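Trainee: The structure file my_file_1.cif (mmCIF, C-alpha atoms and all ligand atoms) is provided below.
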```cif
data_entry
loop_
_atom_site.label_atom_id
_atom_site.label_comp_id
_atom_site.auth_asym_id
_atom_site.auth_seq_id
_atom_site.Cartn_x
_atom_site.Cartn_y
_atom_site.Cartn_z
CA MET A 26 -6.99 0.18 16.16
CA THR A 27 -6.54 -0.48 19.86
CA MET A 28 -5.87 2.36 22.30
CA GLU A 29 -2.33 1.02 22.68
CA ILE A 30 -1.66 1.38 18.95
CA LYS A 31 -3.27 4.84 18.87
CA ASN A 32 -0.91 5.95 21.66
CA LEU A 33 2.07 4.51 19.80
CA VAL A 34 1.07 6.40 16.64
CA GLU A 35 0.51 9.62 18.58
CA LYS A 36 3.98 9.40 20.14
CA HIS A 37 5.65 9.18 16.72
CA LEU A 38 3.42 11.79 15.09
CA GLN A 39 4.41 14.25 17.81
CA ASN A 40 8.03 13.67 16.76
CA ASN A 41 7.08 14.23 13.12
CA GLN A 42 7.93 10.62 12.24
CA PRO A 43 4.72 9.33 10.62
CA SER A 44 6.20 5.97 9.55
CA ALA A 45 8.20 5.15 12.68
CA TRP A 46 5.42 3.34 14.57
CA PHE A 47 5.20 0.51 12.03
CA GLU A 48 8.60 -0.97 12.87
CA GLU A 49 7.82 -0.75 16.58
CA LEU A 50 4.49 -2.53 16.06
CA TYR A 51 5.95 -5.31 13.88
CA ALA A 52 8.83 -5.84 16.33
CA GLN A 53 6.48 -5.94 19.34
CA ALA A 54 4.27 -8.48 17.54
CA ASN A 55 7.12 -10.95 17.83
CA GLN A 56 5.97 -12.99 14.80
CA ASN A 57 2.34 -13.10 15.94
CA PRO A 58 0.22 -11.85 13.01
CA GLN A 59 -2.78 -11.38 15.30
CA GLN A 60 -0.96 -8.36 16.71
CA ILE A 61 -0.97 -6.68 13.27
CA PRO A 62 -4.45 -5.24 12.60
CA TRP A 63 -4.16 -5.36 8.77
CA ALA A 64 -2.53 -8.80 8.48
CA HIS A 65 -5.04 -11.28 7.03
CA LEU A 66 -2.39 -13.69 5.73
CA GLN A 67 -4.11 -13.83 2.36
CA PRO A 68 -4.04 -11.61 -0.71
CA ASN A 69 -6.50 -8.77 -1.19
CA GLN A 70 -9.67 -10.17 -2.80
CA GLN A 71 -10.16 -7.23 -5.20
CA LEU A 72 -6.59 -7.74 -6.34
CA ILE A 73 -7.18 -11.45 -7.00
CA GLU A 74 -10.18 -10.50 -9.17
CA TRP A 75 -8.13 -7.88 -11.02
CA LEU A 76 -5.28 -10.32 -11.71
CA LYS A 77 -7.79 -12.86 -13.03
CA ASN A 78 -9.36 -10.27 -15.35
CA ASN A 79 -6.05 -8.77 -16.52
CA PRO A 80 -3.76 -11.62 -17.55
CA ILE A 81 -0.28 -10.74 -18.77
CA HIS A 82 0.19 -10.56 -22.53
CA GLY A 83 3.56 -11.10 -24.16
CA LYS A 84 6.62 -13.04 -23.10
CA GLN A 85 8.39 -10.44 -21.01
CA LYS A 86 7.53 -10.33 -17.32
CA PRO A 87 6.18 -6.90 -16.36
CA GLN A 88 7.85 -5.24 -13.37
CA ALA A 89 5.52 -4.77 -10.41
CA VAL A 90 6.26 -2.87 -7.23
CA ILE A 91 4.37 -3.42 -4.00
CA ILE A 92 4.34 -0.38 -1.72
CA GLY A 93 4.25 -1.01 2.05
CA CYS A 94 4.05 -4.76 1.44
CA GLY A 95 3.38 -5.75 5.06
CA LEU A 96 3.56 -9.52 5.42
CA GLY A 97 3.85 -10.15 1.66
CA ASP A 98 0.62 -11.89 0.59
CA ASP A 99 -0.17 -9.44 -2.23
CA ALA A 100 3.43 -9.55 -3.47
CA GLN A 101 3.22 -13.34 -3.68
CA ALA A 102 -0.05 -13.08 -5.66
CA PHE A 103 1.64 -10.83 -8.24
CA ALA A 104 4.57 -13.24 -8.54
CA GLU A 105 2.18 -16.16 -9.04
CA ALA A 106 0.41 -14.16 -11.76
CA GLY A 107 3.70 -13.87 -13.67
CA TYR A 108 5.12 -10.49 -12.62
CA HIS A 109 8.68 -9.77 -11.66
CA VAL A 110 8.05 -8.33 -8.20
CA THR A 111 9.85 -5.84 -5.98
CA ALA A 112 8.07 -5.49 -2.62
CA PHE A 113 9.19 -2.94 -0.08
CA ASP A 114 8.31 -1.82 3.39
CA VAL A 115 9.79 0.74 5.76
CA SER A 116 9.88 -1.90 8.51
CA PRO A 117 12.90 -4.24 8.40
CA THR A 118 11.05 -6.61 10.74
CA ALA A 119 8.15 -6.86 8.25
CA ILE A 120 10.59 -7.56 5.42
CA ASN A 121 12.38 -10.28 7.40
CA TRP A 122 9.00 -11.75 8.32
CA CYS A 123 8.10 -11.92 4.57
CA LYS A 124 11.37 -13.70 3.84
CA GLN A 125 10.70 -16.20 6.61
CA ARG A 126 7.13 -16.82 5.46
CA PHE A 127 8.14 -17.27 1.81
CA PRO A 128 11.72 -18.60 1.87
CA HIS A 129 11.73 -19.70 -1.79
CA SER A 130 9.90 -16.69 -3.14
CA PRO A 131 11.03 -15.05 -6.39
CA VAL A 132 9.86 -11.71 -4.92
CA ASP A 133 12.61 -9.22 -4.17
CA TYR A 134 11.71 -8.13 -0.61
CA VAL A 135 13.48 -4.88 0.29
CA THR A 136 13.48 -2.48 3.24
CA ALA A 137 12.84 0.96 1.77
CA ASP A 138 11.02 4.18 2.59
CA ILE A 139 8.48 5.62 0.15
CA PHE A 140 9.74 9.10 1.13
CA HIS A 141 13.33 8.22 0.15
CA LEU A 142 13.07 5.94 -2.86
CA PRO A 143 16.24 4.49 -4.40
CA SER A 144 16.87 6.56 -7.54
CA PRO A 145 17.00 3.52 -9.93
CA TRP A 146 13.33 2.93 -9.03
CA GLN A 147 12.20 6.22 -10.58
CA GLN A 148 9.80 5.41 -13.45
CA LYS A 149 10.98 1.77 -13.40
CA PHE A 150 7.70 -0.12 -12.92
CA ASP A 151 4.86 -1.30 -15.19
CA LEU A 152 2.48 -1.96 -12.31
CA ILE A 153 2.27 -0.14 -8.98
CA TRP A 154 0.27 -1.76 -6.17
CA GLU A 155 -0.56 0.62 -3.35
CA CYS A 156 -2.80 -1.03 -0.78
CA ARG A 157 -3.65 0.85 2.42
CA THR A 158 -0.31 2.61 2.87
CA ILE A 159 -1.40 6.13 1.86
CA GLN A 160 -4.32 5.88 4.29
CA ALA A 161 -1.95 4.76 7.04
CA LEU A 162 -0.05 8.05 6.75
CA PRO A 163 -1.43 11.34 8.09
CA LEU A 164 -2.95 14.09 5.96
CA ASN A 165 0.02 16.45 6.23
CA VAL A 166 2.24 14.06 4.20
CA ARG A 167 -0.46 12.87 1.79
CA ALA A 168 0.46 15.06 -1.18
CA GLN A 169 4.10 14.02 -0.81
CA VAL A 170 3.33 10.29 -0.59
CA ILE A 171 1.07 10.38 -3.68
CA LYS A 172 3.88 12.13 -5.60
CA GLN A 173 6.24 9.33 -4.55
CA VAL A 174 3.77 6.61 -5.62
CA VAL A 175 3.52 8.19 -9.06
CA ALA A 176 7.31 8.60 -9.30
CA LEU A 177 7.70 4.79 -9.42
CA ALA A 178 5.59 4.45 -12.57
CA LYS A 179 6.71 4.23 -16.18
CA PRO A 180 4.56 6.52 -18.36
CA THR A 181 2.83 3.37 -19.72
CA ALA A 182 2.23 1.89 -16.26
CA LYS A 183 -0.93 1.06 -14.41
CA ILE A 184 -1.25 2.31 -10.83
CA LEU A 185 -3.66 0.33 -8.65
CA VAL A 186 -4.77 1.93 -5.40
CA SER A 187 -6.78 0.02 -2.82
CA THR A 188 -8.03 2.26 -0.06
CA HIS A 189 -10.76 3.29 2.31
CA ILE A 190 -12.64 6.37 1.11
CA ARG A 191 -14.32 9.04 3.21
CA THR A 192 -17.23 11.14 2.00
CA THR A 193 -16.09 14.60 3.16
CA GLU A 194 -12.94 16.70 2.97
CA GLU A 195 -12.98 17.09 6.75
CA ALA A 196 -9.99 15.54 8.52
CA PRO A 197 -10.86 12.03 9.74
CA ASN A 198 -9.91 10.55 13.06
CA GLY A 199 -7.26 7.95 12.33
CA PRO A 200 -5.35 5.86 11.77
CA PRO A 201 -6.36 4.79 9.26
CA TRP A 202 -7.17 8.14 7.64
CA PRO A 203 -9.45 7.21 4.68
CA LEU A 204 -8.83 9.20 1.51
CA SER A 205 -11.13 11.97 0.22
CA SER A 206 -12.06 12.77 -3.39
CA GLY A 207 -9.90 15.89 -3.14
CA GLU A 208 -6.87 13.83 -2.12
CA LEU A 209 -7.43 11.23 -4.84
CA ASN A 210 -7.70 14.08 -7.32
CA GLN A 211 -3.96 14.58 -6.88
CA PHE A 212 -3.37 11.58 -9.13
CA LYS A 213 -5.22 13.47 -11.88
CA GLN A 214 -3.25 16.63 -11.19
CA LEU A 215 -0.07 14.59 -11.65
CA GLY A 216 -1.30 13.34 -15.04
CA TRP A 217 -2.90 10.01 -14.03
CA GLN A 218 -6.51 9.44 -15.09
CA GLU A 219 -8.92 7.14 -13.29
CA LYS A 220 -9.72 4.27 -15.72
CA CYS A 221 -11.93 2.20 -13.47
CA ARG A 222 -13.00 1.76 -9.90
CA SER A 223 -14.68 -1.05 -7.99
CA THR A 224 -16.22 -0.06 -4.69
CA ILE A 225 -17.43 -2.06 -1.72
CA HIS A 226 -20.10 -0.26 0.31
CA ARG A 227 -20.74 -1.46 3.82
CA GLU A 228 -24.03 -1.29 5.69
CA ASN A 229 -24.26 1.60 8.17
CA ASN A 230 -20.71 2.66 7.36
CA PRO A 231 -20.06 5.81 5.31
CA ILE A 232 -16.47 4.67 4.67
CA SER A 233 -16.28 2.56 1.51
CA ILE A 234 -13.42 0.41 0.20
CA ALA A 235 -12.32 1.06 -3.36
CA MET A 236 -9.81 -0.27 -5.83
CA ILE A 237 -8.95 2.34 -8.45
CA GLU A 238 -6.90 1.87 -11.60
CA TYR A 239 -5.00 4.89 -12.96
CA GLN A 240 -3.26 5.26 -16.30
CA GLN A 241 -1.73 8.23 -18.11
C1 LIG B 1 -1.78 -0.51 6.85
S1 LIG B 1 -0.33 -1.39 6.44
C2 LIG B 1 -0.82 -2.20 4.91
C3 LIG B 1 0.09 -3.35 4.57
C4 LIG B 1 -0.28 -4.08 3.27
N1 LIG B 1 -0.14 -3.21 2.12
C5 LIG B 1 -1.68 -4.63 3.37
O1 LIG B 1 -2.58 -4.13 2.68
O2 LIG B 1 -1.87 -5.57 4.17
C6 LIG B 1 0.76 -0.11 5.84
C7 LIG B 1 2.15 -0.64 5.52
O3 LIG B 1 2.93 0.43 4.99
C8 LIG B 1 4.21 0.38 5.56
N2 LIG B 1 4.76 1.76 5.54
C9 LIG B 1 4.42 2.80 6.32
N3 LIG B 1 5.15 3.87 6.02
C10 LIG B 1 5.94 3.51 4.99
C11 LIG B 1 6.95 4.19 4.26
N4 LIG B 1 7.27 5.45 4.55
N5 LIG B 1 7.59 3.52 3.27
C12 LIG B 1 7.29 2.21 3.02
N6 LIG B 1 6.37 1.51 3.70
C13 LIG B 1 5.70 2.15 4.68
C14 LIG B 1 3.98 -0.14 6.97
O4 LIG B 1 5.13 -0.68 7.58
C15 LIG B 1 2.88 -1.17 6.73
O5 LIG B 1 3.40 -2.45 6.46
#
```
If you convert what's in this file into structure tokens, what do you get?
Ligand SMILES: C[S@@+](CC[C@H](N)C(=O)[O-])C[C@H]1O[C@@H](n2cnc3c(N)ncnc32)[C@H](O)[C@@H]1O

Mentor:
Amino acid sequence: MTMEIKNLVEKHLQNNQPSAWFEELYAQANQNPQQIPWAHLQPNQQLIEWLKNNPIHGKQKPQAVIIGCGLGDDAQAFAEAGYHVTAFDVSPTAINWCKQRFPHSPVDYVTADIFHLPSPWQQKFDLIWECRTIQALPLNVRAQVIKQVVALAKPTAKILVSTHIRTTEEAPNGPPWPLSSGELNQFKQLGWQEKCRSTIHRENNPISIAMIEYQQ
């Protein structure tokens, strides 16, 4: 993250508004994706692999929800794989940007806040995709955000989490704030078991990138 973004984040954290800087950043970007550090304009590669290895069975479209969907590439990948997709982000500018990028998309792009989920979404979804949103929120709201992620899932659902992982429980210097084993353990405490994990290790970098699948 640039110093400018770090200052923007700091300003909103001081006001106890951990999600407020995203809208400001997307609005300032003025449709230029190069101004958005996480925008690669293509779906997550580990997700593409997972979708290839886990084709949908049966005639009914499973309901997927994309948390903090950013510019929408992962949401589009789920729709192409046959899911009925709801994709939400706290930033209205990001949601409008998705709609402009994919004007004929079957994805339901919605402005919504993970901390204030619409009540019909409770336990509604078969597949939860959480990619890099938990790590973009500070440690003091982490337990709350993980609870909200889990609240979206049907008991039979799969929850997929793609995140950076740190090796200690010490507070990292973020954003992003990579997750620790202790933090990920909260999924287990809420009744969700880790079924599999694929990890990318990077040379000379203790922070790895993992995609973890949870089921009850
Ligand atoms: C680091 S970005 C990752 C975006 C996308 N998932 C990706 O992997 O490219 C985090 C996203 O979460 C969104 N976000 C942050 N706080 C949120 C909240 N409280 N509710 C919903 N979305 C949120 C941000 O606007 C941003 O688009």

Trainee: For ligand LIG 1 (chain B), collect every residue having any atom at a distance of at most 6 Å from a ligand atom (counting only C-alpha atoms and all ligand atoms); output as a ChimeraX atom specification.

Mentor: /A:44,47,63-64,93-95,114-116,137-140,156-158,161

Trainee: Residues at most 12 Å from stretch 168-174 of chain A, counting all atoms listed in the file, excluding those fewer than 4 positions away in the same chain, as a VMD selection string?

Mentor: chain A and resid 43 to 44 90 to 93 138 to 144 146 to 150 152 to 156 158 to 164 178 to 179 182 to 186 204 207 to 217 239

Trainee: So which residues are close to (12.9, -13.5, 6.1), meaning at most 12 Å away in the file's coordinates with only C-alpha atoms counted, and can you show them as a PyMOL selection string?

Mentor: chain A and resi 56+96-97+117-130+132-136

Trainee: Quote the spacing between atom CA of A:Arg191 and atom CA of A:Lys36 in Å to one decimal place.

Mentor: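 The value is 24.9 Å.
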
Trainee: Tell me, in Å to one decimal, how far atom CA of A:Ile234 is from atom CA of A:Trp75.

Mentor: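 Distance reported for this atom pair: 14.9 Å.
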
Trainee: Name the closest residue to A:Pro87 among the candidates A:Asn40, A:Asn32, A:Thr111, A:Asn55; distances are taken between atoms, counting all atoms listed in the file.

Mentor: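 Counting all atoms listed in the file, the residue closest to A:Pro87 is A:Thr111.
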
Trainee: What separation in Å, quoted to one decimal, exists between atom CA of A:Gln71 and atom CA of A:Met236?

Mentor: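 Atom CA of A:Met236 lies 7.0 Å from atom CA of A:Gln71.
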
Trainee: May I ask which of the residues A:Asn198, A:Thr193, A:Ser205, A:Thr181 is the closest one to A:Gln240, counting all atoms listed in the file?

Mentor: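 Looking only at the distances to A:Gln240, the closest residue turns out to be A:Thr181.
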
Trainee: Within 7 Å of (6.8, -9.1, -10.7), only C-alpha atoms: residues as a list of chain:residue names?

Mentor: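 Protein and nucleic acid residues near the point are A:Lys86, A:Pro87, A:Gln88, A:Ala89, A:Phe103, A:Ala104, A:Gly107, A:Tyr108, A:His109, A:Val110, A:Thr111.
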
Trainee: Can you write out the residues you just picked, keeping C-alpha atoms, as a PDB file, in the frame of the given file?

Mentor:
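Final output, out_14.pdb:
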```
ATOM      1  CA  LYS A  86       7.530 -10.330 -17.320  1.00  0.00           C
ATOM      2  CA  PRO A  87       6.180  -6.900 -16.360  1.00  0.00           C
ATOM      3  CA  GLN A  88       7.850  -5.240 -13.370  1.00  0.00           C
ATOM      4  CA  ALA A  89       5.520  -4.770 -10.410  1.00  0.00           C
ATOM      5  CA  PHE A 103       1.640 -10.830  -8.240  1.00  0.00           C
ATOM      6  CA  ALA A 104       4.570 -13.240  -8.540  1.00  0.00           C
ATOM      7  CA  GLY A 107       3.700 -13.870 -13.670  1.00  0.00           C
ATOM      8  CA  TYR A 108       5.120 -10.490 -12.620  1.00  0.00           C
ATOM      9  CA  HIS A 109       8.680  -9.770 -11.660  1.00  0.00           C
ATOM     10  CA  VAL A 110       8.050  -8.330  -8.200  1.00  0.00           C
ATOM     11  CA  THR A 111       9.850  -5.840  -5.980  1.00  0.00           C
TER      12      THR A 111
END
```

Trainee: Do you know which residues are at most 12 Å from A:Ile232 counting only C-alpha atoms, after dropping those on the same chain fewer than 5 positions away, and could you put them as a list in words?

Mentor: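 The residues that qualify are Thr188, His189, Ile190, Arg191, Thr192, Thr193, Pro197, Pro201, Trp202, Pro203, Leu204, Ser205, Thr224, Ile225, His226 and Arg227 of chain A.
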
Trainee: Select, from A:Gln60, A:Ser187, A:Ile81, A:Arg167, the residue with the minimum atom-to-atom distance to A:Asp99, counting only C-alpha atoms.

Mentor: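 Checking each candidate against A:Asp99, we get A:Ser187 as the closest.
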
Trainee: Of the candidates A:Arg222, A:Lys77, A:His65, A:Lys31, which one gets nearest to A:Glu105 if we count all atoms listed in the file?

Mentor: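 Smallest distance to A:Glu105 is found for A:Lys77.
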